[in-house]
Amino acid sequence: MASSKSLMNLLTFTFGSAIGFFVCYLLFSIILEEQVKIQPHILHNDPHGQHSADTDNNQLQGQMNFNADSGQHKDENKNIAEGLYQKVKILCWVMTGPQNLEKKAKHVKATWAQRCNKILFMSSEENKDFPTVGLETKEGRDQLYWKTIKAFQYVYDHYFDDADWFMKADDDTYVILDNLRWLLSRYSPEQPIYFGRRFKPYVKQGYMSGGAGYVLSKEALKRFVAAFKTNKCSHSSSIEDLALGKCMEIINVEAGDSRDTSGRETFHPFVPEHHLIRGYLPKTFWYWNYNYYPAVEGPGCCSDLAVSFHYVDSVTMYHLEYLIYHLRPYGYSYRYNPDSAKNPEEQSKNEALEDNQKLKQKVSEN
Amino acid sequence: MISESSSFVKGVVLGGAFCMLVTLLGHAKVGHGTKAHQHEHHHIQAPNKEDVLNLSEGERMELSKSIRVYCIILVKPKDLGHWAAVKETWSKHCDKVEFYSSENVKVFESVALNTNDMWVMMRKAYKITYERYKDQFNWFFLAYPTTFAIIENLKYFLLKKDPSQPFYIGHTVKSGDLEYVDGEGGIVLSIESLRRLARVFEDSDKCPEQGGMIWKLAEDKQLALCLKYTGVFAENAEDSEGKDVFNTKSVGALIKEAMSTHPEEVVDGCCSDMAITFSGLAPNHMHVMMYGVYRLRPYGHTYNDALVFLPPEG
């Protein structure tokens with residue numbers, strides 16, 4: 001009797017211990033699993049021990065808002081640029097056509113166009129979705145001047161009071177609005193003047209390359225539109241930029257010097273590579289004879305504060321956008337300072353000139 | 001009945017206690033195990049602005065100068081065009097750069113390694129570098145001549161990392177069990193890693209000079225293996241948003257990919273603002289990158305950076 005009882009006890013004891021062990025094991029394995037998940041984060045030194053980078057992509061899906069990318073731009077101070085945005089109002093209009101909306105104009109819209117105070121896409125026909133303004137012309141190279149005239153007319157009729165400067169670009173032009181504003185901030189929109197990449201043939205004061213883009217002051221636009229009403233300028237031409245340049249000369253709108261304070265060009269008729277690489281453009285190429293100022297190839301070709309590039313394909317649009325507004329060398333002190341009155345070389349040259357003049361004066365006095 | 005239930009309860013308590021004891025002992029062992037054999041895929045991140053704001057002005061200046069990067073470029077005579085481009089462009093931003101060439105070339109100065117085998121070249125280059133420069137630099141960056149690097153961003157990335165720790169950083173790839181840094185994106189070693197590497201070079205079992213008799217392993221994989229024996233593991237470098245900072249492709253190639261995978265936000269989907277390397281660049285593209293990175297910029301955007309880097313001479 002006693003032995004069977006103790007046997008029972010033993011059995012229940014063993015059974016109990018098995019259950020106790022099992023339950024405890026279950027509990028621990030659940031707790032430990034949680035810990036294993038946490039542990040790698042603790043072992044890492046990252047302040048943000050995240051494993052998946054996916055959360056960020058979801059934030060920006062379907063949106064074209066570069067300003068939402070605040071993470072990388074926390075160190076960025078845009079006060080000066082924003083001040084200029086308010087002070088120098090630029091209306092941009094982009095020359096495009098129905099067959100280029102998806103291929104080209106779309107990428108302009110996705111990159112630099114949003115930085116204009118106002119952006120308009122000009123096409124032969126209206127497209128309410130894109131949206132584009134319908135100029136009611138035909139398409140084709142020979143229609144370019146007519147489209148240009150109608151586009152400027154449209155801008156004058158609808159948006160004259162909304163901007164100080166009026167920029168024309170192609171759908172394969174990339175424009176850096178911040179640098180355009182810096183260039184134009186030194187001038188008044190009441191001046192009859194226009195800027196672009198200055199070419200010398202055919203027009204005495206030179207004319208601006210169509211592809212590199214050009215920008216008219218308020219006064220220049222007013223005179224241009226008036227010139228057609230009064231027949232001062234002709235309506236027909238197959239060469240848009242040349243015809244516009246001729247008209248500008250007739251109506252006394254000055255062809256401005258768009259070079260930076262160190263004499264480097266800011267509007268470019270080609271992509272950076274074509275200008276930066278010595279020998280890329282053959283010496284027999286028309287370009288060398290057209291440039292109003294001595295054309296430079298290599299690093300001196302292009303200003304740090306370039307305003308435009310042309311023949312920019314879709315990939316290059318985003319490439320430029322990335323290089324200009326995103327990628328930067330941390331902590332780097334740039335060589336060219338646009339705000340120093342003149343660069344040291346020029347400054348000492350000017351000082352020498354002044355000394356020379358003072359000496360001449362003294363001599364003549366004696 | 002009572003005695004049975006009491007013995008049952010005793011059993012449960014004992015079982016539980018025993019289990020707890022066993023688990024705790026086992027966990028302690030497991031704990032050590034996970035420390036030594038950290039989870040497979042390492043991600044290492046750039047410092048955040050907050051980290052950097054904690055430094056005083058004096059500390060920042062000192063820091064800018066204290067991160068000294070020595071650059072090793074492995075070249076062969078056939079790369080002359082790329083070699084010239086690298087020499088004229090980004091490599092000037094290294095604290096010191098040397099070109100380690102398979103053979104002597106008249107046009108440019110280089111350290112001649114007298115071998116055409118990439119792994120042997122890499123070994124020799126690292127060995128020579130360690131012997132000559134172990135006291136002068138704390139970080140060592142190895143690249144191929146098709147790579148473009150922004151050394152300032154590399155220094156910022158390394159800002160709060162202790163070079164006396166074994167770091168082996170770049171764009172990592174997993175090949176079976178082995179995680180290695182892809183040479184195309186550039187390889188960063190701390191002085192501690194280089195020290196361990198130099199030591200394991202002496203061991204021809206763990207780190208043979210000839211990759212393999214029949215089946216040669218790529219030099220970047222071979223490097224990972226040798227380093228693994230010394231307890232140094234590859235880490236993938238990312239910015240504070242999880243984007244790779246070492247890239248094995250060019251910006252153009254990455255943009256094309258982004259245009260097909262996320263056409264609505266191409267630039268955001270493409271690349272990091274603090275990218276350190278791009279690869280697969282033609283010599284002309286290096287010059288374009290120099291202009292695009294170090295010169296072309298929008299007026300009126302300023303930055304409050306914690307480090308200061310001046311342009312190199314010339």
# chains A, B, ... in the order shown; residues from 1 in each chain; ligands from 1
$ select_by_dssp --residues "segment 140-334 of chain A" --states "strand (DSSP E or B)" --output "short mmCIF file (atom, residue, chain, number, x, y, z; two decimals) with N, CA, C and O atoms, in the first residue's frame"
data_model
loop_
_atom_site.label_atom_id
_atom_site.label_comp_id
_atom_site.auth_asym_id
_atom_site.auth_seq_id
_atom_site.Cartn_x
_atom_site.Cartn_y
_atom_site.Cartn_z
N TRP A 165 10.91 89.42 -64.74
CA TRP A 165 11.75 88.91 -65.83
C TRP A 165 11.06 87.72 -66.48
O TRP A 165 10.34 86.98 -65.81
N PHE A 166 11.31 87.54 -67.76
CA PHE A 166 10.59 86.52 -68.52
C PHE A 166 11.58 85.66 -69.27
O PHE A 166 12.25 86.11 -70.20
N MET A 167 11.69 84.40 -68.83
CA MET A 167 12.71 83.48 -69.34
C MET A 167 12.12 82.51 -70.34
O MET A 167 11.12 81.85 -70.05
N LYS A 168 12.79 82.39 -71.50
CA LYS A 168 12.36 81.39 -72.47
C LYS A 168 13.38 80.26 -72.46
O LYS A 168 14.59 80.52 -72.47
N ALA A 169 12.89 79.01 -72.44
CA ALA A 169 13.79 77.86 -72.51
C ALA A 169 13.17 76.79 -73.39
O ALA A 169 11.97 76.81 -73.65
N ASP A 170 13.99 75.86 -73.85
CA ASP A 170 13.49 74.73 -74.62
C ASP A 170 13.19 73.58 -73.67
O ASP A 170 13.57 73.61 -72.50
N THR A 173 16.43 72.21 -72.23
CA THR A 173 17.31 73.16 -71.55
C THR A 173 17.18 72.91 -70.05
O THR A 173 16.06 72.68 -69.57
N TYR A 174 18.29 72.97 -69.30
CA TYR A 174 18.22 72.91 -67.85
C TYR A 174 18.60 74.28 -67.32
O TYR A 174 19.67 74.79 -67.66
N VAL A 175 17.73 74.89 -66.52
CA VAL A 175 17.98 76.24 -66.01
C VAL A 175 18.15 76.21 -64.49
O VAL A 175 17.36 75.58 -63.79
N ILE A 193 16.65 95.44 -71.40
CA ILE A 193 17.83 94.59 -71.52
C ILE A 193 17.42 93.13 -71.56
O ILE A 193 16.35 92.76 -71.06
N TYR A 194 18.22 92.30 -72.22
CA TYR A 194 17.97 90.87 -72.17
C TYR A 194 19.29 90.12 -72.12
O TYR A 194 20.34 90.65 -72.52
N PHE A 195 19.25 88.93 -71.53
CA PHE A 195 20.46 88.15 -71.31
C PHE A 195 20.35 86.74 -71.87
O PHE A 195 19.26 86.19 -71.99
N GLY A 196 21.52 86.18 -72.20
CA GLY A 196 21.57 84.80 -72.68
C GLY A 196 23.02 84.52 -73.06
O GLY A 196 23.93 85.22 -72.62
N ARG A 198 25.60 85.06 -75.61
CA ARG A 198 25.71 86.05 -76.68
C ARG A 198 26.50 85.52 -77.88
O ARG A 198 27.65 85.08 -77.74
N PHE A 199 25.90 85.63 -79.04
CA PHE A 199 26.55 85.26 -80.30
C PHE A 199 26.81 86.52 -81.09
O PHE A 199 26.05 87.49 -80.99
N TYR A 207 23.35 88.59 -80.62
CA TYR A 207 22.02 88.07 -80.30
C TYR A 207 22.19 86.85 -79.40
O TYR A 207 23.30 86.33 -79.28
N MET A 208 21.11 86.43 -78.75
CA MET A 208 21.21 85.34 -77.77
C MET A 208 20.82 83.98 -78.35
O MET A 208 19.78 83.88 -79.02
N TYR A 214 17.03 82.48 -73.04
CA TYR A 214 17.28 83.90 -72.84
C TYR A 214 16.18 84.50 -71.98
O TYR A 214 15.08 83.97 -71.88
N VAL A 215 16.51 85.60 -71.34
CA VAL A 215 15.57 86.20 -70.39
C VAL A 215 15.41 87.69 -70.67
O VAL A 215 16.39 88.41 -70.80
N LEU A 216 14.16 88.13 -70.78
CA LEU A 216 13.84 89.52 -71.09
C LEU A 216 13.41 90.27 -69.85
O LEU A 216 12.68 89.73 -69.02
N SER A 217 13.82 91.51 -69.73
CA SER A 217 13.32 92.34 -68.63
C SER A 217 11.87 92.71 -68.95
O SER A 217 11.40 92.55 -70.08
N GLU A 254 18.98 96.33 -74.98
CA GLU A 254 20.41 96.02 -74.92
C GLU A 254 20.67 94.52 -74.78
O GLU A 254 19.96 93.83 -74.03
N ALA A 255 21.68 94.04 -75.50
CA ALA A 255 22.11 92.64 -75.33
C ALA A 255 23.11 92.63 -74.19
O ALA A 255 24.23 93.12 -74.33
N GLU A 265 31.37 82.33 -68.68
CA GLU A 265 30.02 82.25 -69.24
C GLU A 265 29.06 81.52 -68.30
O GLU A 265 29.45 80.57 -67.62
N PHE A 267 25.38 81.08 -69.45
CA PHE A 267 24.42 80.37 -70.31
C PHE A 267 25.23 79.49 -71.26
O PHE A 267 26.20 79.95 -71.87
N ASN A 291 30.74 82.74 -80.90
CA ASN A 291 30.70 83.32 -79.56
C ASN A 291 31.13 84.78 -79.57
O ASN A 291 32.13 85.13 -80.16
N CYS A 302 33.15 77.55 -67.88
CA CYS A 302 31.84 77.61 -67.27
C CYS A 302 31.91 78.19 -65.86
O CYS A 302 32.79 77.82 -65.08
N SER A 308 22.45 78.02 -67.39
CA SER A 308 21.74 77.06 -68.23
C SER A 308 22.67 76.15 -69.01
O SER A 308 23.84 76.48 -69.24
N PHE A 309 22.13 75.00 -69.39
CA PHE A 309 22.78 74.07 -70.31
C PHE A 309 21.74 73.62 -71.32
O PHE A 309 20.54 73.59 -71.01
N HIS A 310 22.18 73.24 -72.51
CA HIS A 310 21.24 72.86 -73.58
C HIS A 310 21.58 71.49 -74.14
O HIS A 310 22.67 70.97 -73.91
N TYR A 332 33.28 71.66 -47.56
CA TYR A 332 34.24 72.17 -48.54
C TYR A 332 34.11 73.67 -48.72
O TYR A 332 33.01 74.20 -48.80
#
$ select_by_dssp --residues "segment 78-262 of chain B" --states "helix (DSSP H, G or I)" --output "VMD selection string"
chain B and resid 78 to 88 90 to 93 118 to 133 151 to 157 183 to 185 191 to 200 219 to 229 251 to 261
$ interface_residues --of "chain B" --to "chain A" --cutoff "6 Å" --atoms "only C-alpha atoms" --output "ChimeraX atom specification"
/B:4,7-8,11-12,14-16,19,152-153,242,264-265,273,288,292-293,295-305,307-310
$ atom_distance --atom1 "atom CA of Glu88 of chain B" --atom2 "atom CA of His287 of chain B"
8.5 Å
$ atom_distance --atom1 "atom CA of Ser164 of chain B" --atom2 "atom CA of Ala46 of chain B"
17.9 Å
$ residues_around --residues "Lys89 of chain A" --least-positions-apart "2" --cutoff "8 Å" --atoms "only C-alpha atoms" --output "ChimeraX atom specification"
/A:85-87,91,116-117,162-165
$ write_last_selection --atoms "N, CA and C atoms" --output "PDB file, in the first residue's frame"
ATOM      1  N   TYR A  85      14.134  84.840 -54.319  1.00  0.00           N
ATOM      2  CA  TYR A  85      12.908  84.335 -54.956  1.00  0.00           C
ATOM      3  C   TYR A  85      11.800  85.383 -54.865  1.00  0.00           C
ATOM      4  N   GLN A  86      11.743  86.064 -53.733  1.00  0.00           N
ATOM      5  CA  GLN A  86      10.726  87.098 -53.537  1.00  0.00           C
ATOM      6  C   GLN A  86      11.076  88.370 -54.282  1.00  0.00           C
ATOM      7  N   LYS A  87      12.379  88.655 -54.336  1.00  0.00           N
ATOM      8  CA  LYS A  87      12.821  89.933 -54.884  1.00  0.00           C
ATOM      9  C   LYS A  87      12.902  89.934 -56.412  1.00  0.00           C
ATOM     10  N   LEU A  91       9.200  84.598 -64.537  1.00  0.00           N
ATOM     11  CA  LEU A  91       8.237  83.718 -65.190  1.00  0.00           C
ATOM     12  C   LEU A  91       8.996  82.948 -66.266  1.00  0.00           C
ATOM     13  N   CYS A 116      10.756  78.275 -60.784  1.00  0.00           N
ATOM     14  CA  CYS A 116      10.342  79.546 -61.370  1.00  0.00           C
ATOM     15  C   CYS A 116       9.225  80.107 -60.488  1.00  0.00           C
ATOM     16  N   ASN A 117       9.081  81.429 -60.462  1.00  0.00           N
ATOM     17  CA  ASN A 117       7.945  81.990 -59.726  1.00  0.00           C
ATOM     18  C   ASN A 117       6.642  81.587 -60.425  1.00  0.00           C
ATOM     19  N   ASP A 162       2.759  89.813 -63.105  1.00  0.00           N
ATOM     20  CA  ASP A 162       3.131  88.800 -62.114  1.00  0.00           C
ATOM     21  C   ASP A 162       4.622  88.515 -62.032  1.00  0.00           C
ATOM     22  N   ALA A 163       5.402  89.137 -62.895  1.00  0.00           N
ATOM     23  CA  ALA A 163       6.842  88.852 -62.853  1.00  0.00           C
ATOM     24  C   ALA A 163       7.651  90.067 -63.283  1.00  0.00           C
ATOM     25  N   ASP A 164       8.959  90.014 -62.959  1.00  0.00           N
ATOM     26  CA  ASP A 164       9.871  91.088 -63.346  1.00  0.00           C
ATOM     27  C   ASP A 164      10.675  90.704 -64.586  1.00  0.00           C
ATOM     28  N   TRP A 165      10.914  89.416 -64.736  1.00  0.00           N
ATOM     29  CA  TRP A 165      11.753  88.908 -65.826  1.00  0.00           C
ATOM     30  C   TRP A 165      11.061  87.720 -66.476  1.00  0.00           C
TER      31      TRP A 165
END
$ atom_distance --atom1 "atom CA of Asp171 of chain A" --atom2 "atom CA of Gln153 of chain A"
19.5 Å
